[in-house]
Amino acid sequence: MPPRAKPLSPDDRRAALVDATVPLLLEHGRTVTTKQIADAAGVAEGTIFRVFDSKDELVQASLEHALDLDPFIAQLLQVDPDQELGAMLLEVVELFQRRFARVFQLMTRMGMVGPPKARRHMEAERERVAAILVGLAEPHRDSLRVPPSQLMHMVRLLTFSGTHPHISDGNPLSAPDIVDTVLNGVLKKK
């Protein structure tokens with residue numbers, strides 16, 4: 001008989017179950033079972049229902065956790081705005097690509113055709129991301145033909161479309177290709 005799970009507060013148990021569920025959603029989508037979740041979390045199945053009313057409630061909490069922008073924002077805040085523009089953009093694009101790829105995989109596995117209903121604070125989070133991006137580009141303003149906000153808008157859009165498996169026809173753009181296209185275009189040098 002396996003040892004009992006370490007006692008946790010209800011909030012800590014919820015968080016542990018959510019953490020165990022997200023990778024299973026990426027692998028199995030909605031077909032994930034409470035047995036798989038319990039096994040991954042190292043608890044008995046009944047433990048799930050002590051802190052969640054249903055599997056659906058746990059799945060919803062796990063989706064919200066997986067789509068939470070706070071960890072991504074924390075990563076963006078670690079990018080050094082004073083590095084060379086191409087290097088800074090490459091770092092930003094790689095962060096976005098990892099985020100987008102995970103979100104796209106999760107949405108596909110969950111059978112979602114669009115993002116879930118936006119939480120009230122999602123718009124504020126998106127605005128915060130935009131402000132961080134502009135702040136990263138601001139030190140390079142004098143070398144740009146467009147405002148920093150426009151540069152970062154283009155970077156974000158090209159990264160989104162170039163990373164999306166359907167928009168990119170299964171042939172995603174690499175981070176260096178995205179940065180090179182934004183900074184140098186596609187015309188040969190004369």
# chains A, B, ... in the order shown; residues from 1 in each chain; ligands from 1
>>> residues_around(residues="range 143-157 of chain A", least_positions_apart="2", cutoff="8 Å", atoms="only C-alpha atoms", output="list in words")
Leu89, Val93, Phe96, Ala130, Leu133, Val134, Ala137, Glu138, His140, Arg141, Thr159, Phe160, Ser161, Ile178, Val179 and Val182 of chain A
>>> select_by_dssp(residues="range 7-103 of chain A", states="helix (DSSP H, G or I)", output="PyMOL selection string")
chain A and resi 10-31+34-41+45-51+55-67+70-76+85-103
>>> closest_residue(among="A:Leu25, A:Ala101, A:Leu90, A:Met107", to="Pro165 in chain A", atoms="only C-alpha atoms")
A:Ala101
>>> closest_residue(among="A:Leu17, A:Leu76, A:Leu26, A:Val51", to="Asp39 in chain A", atoms="only C-alpha atoms")
A:Leu17
>>> residues_around(residues="Arg30 in chain A", least_positions_apart="6", cutoff="12 Å", atoms="only C-alpha atoms", output="ChimeraX atom specification")
/A:21-24,36-37,55-60,62-63,106-112
>>> write_last_selection(atoms="C-alpha atoms", output="compact mmCIF listing (two decimals), in the first residue's frame")
# COMPACT_ATOMS: atom_id res chain seq x y z
CA THR A 21 -3.44 18.10 -13.85
CA VAL A 22 -1.99 20.61 -16.34
CA PRO A 23 0.54 18.19 -17.92
CA LEU A 24 -2.19 15.56 -18.13
CA GLN A 36 -4.72 9.58 -13.70
CA ILE A 37 -4.83 12.90 -11.84
CA LYS A 55 -13.57 16.84 -12.19
CA ASP A 56 -14.89 19.70 -14.35
CA GLU A 57 -14.13 22.20 -11.59
CA LEU A 58 -10.57 20.84 -11.32
CA VAL A 59 -10.15 20.96 -15.11
CA GLN A 60 -11.40 24.56 -15.20
CA SER A 62 -6.18 23.85 -14.23
CA LEU A 63 -7.00 25.65 -17.49
CA LEU A 106 -3.63 22.92 -24.61
CA MET A 107 -6.44 24.38 -26.71
CA THR A 108 -6.06 21.60 -29.30
CA ARG A 109 -6.04 18.84 -26.67
CA MET A 110 -9.06 20.38 -24.95
CA GLY A 111 -10.98 20.70 -28.23
CA MET A 112 -11.16 24.47 -27.87
>>> atom_distance(atom1="CA of Arg98 in chain A", atom2="CA of Thr163 in chain A")
9.1 Å
>>> closest_residue(among="A:Leu136, A:Val43, A:Ala61, A:Ala131", to="Asp82 in chain A", atoms="only C-alpha atoms")
A:Leu136
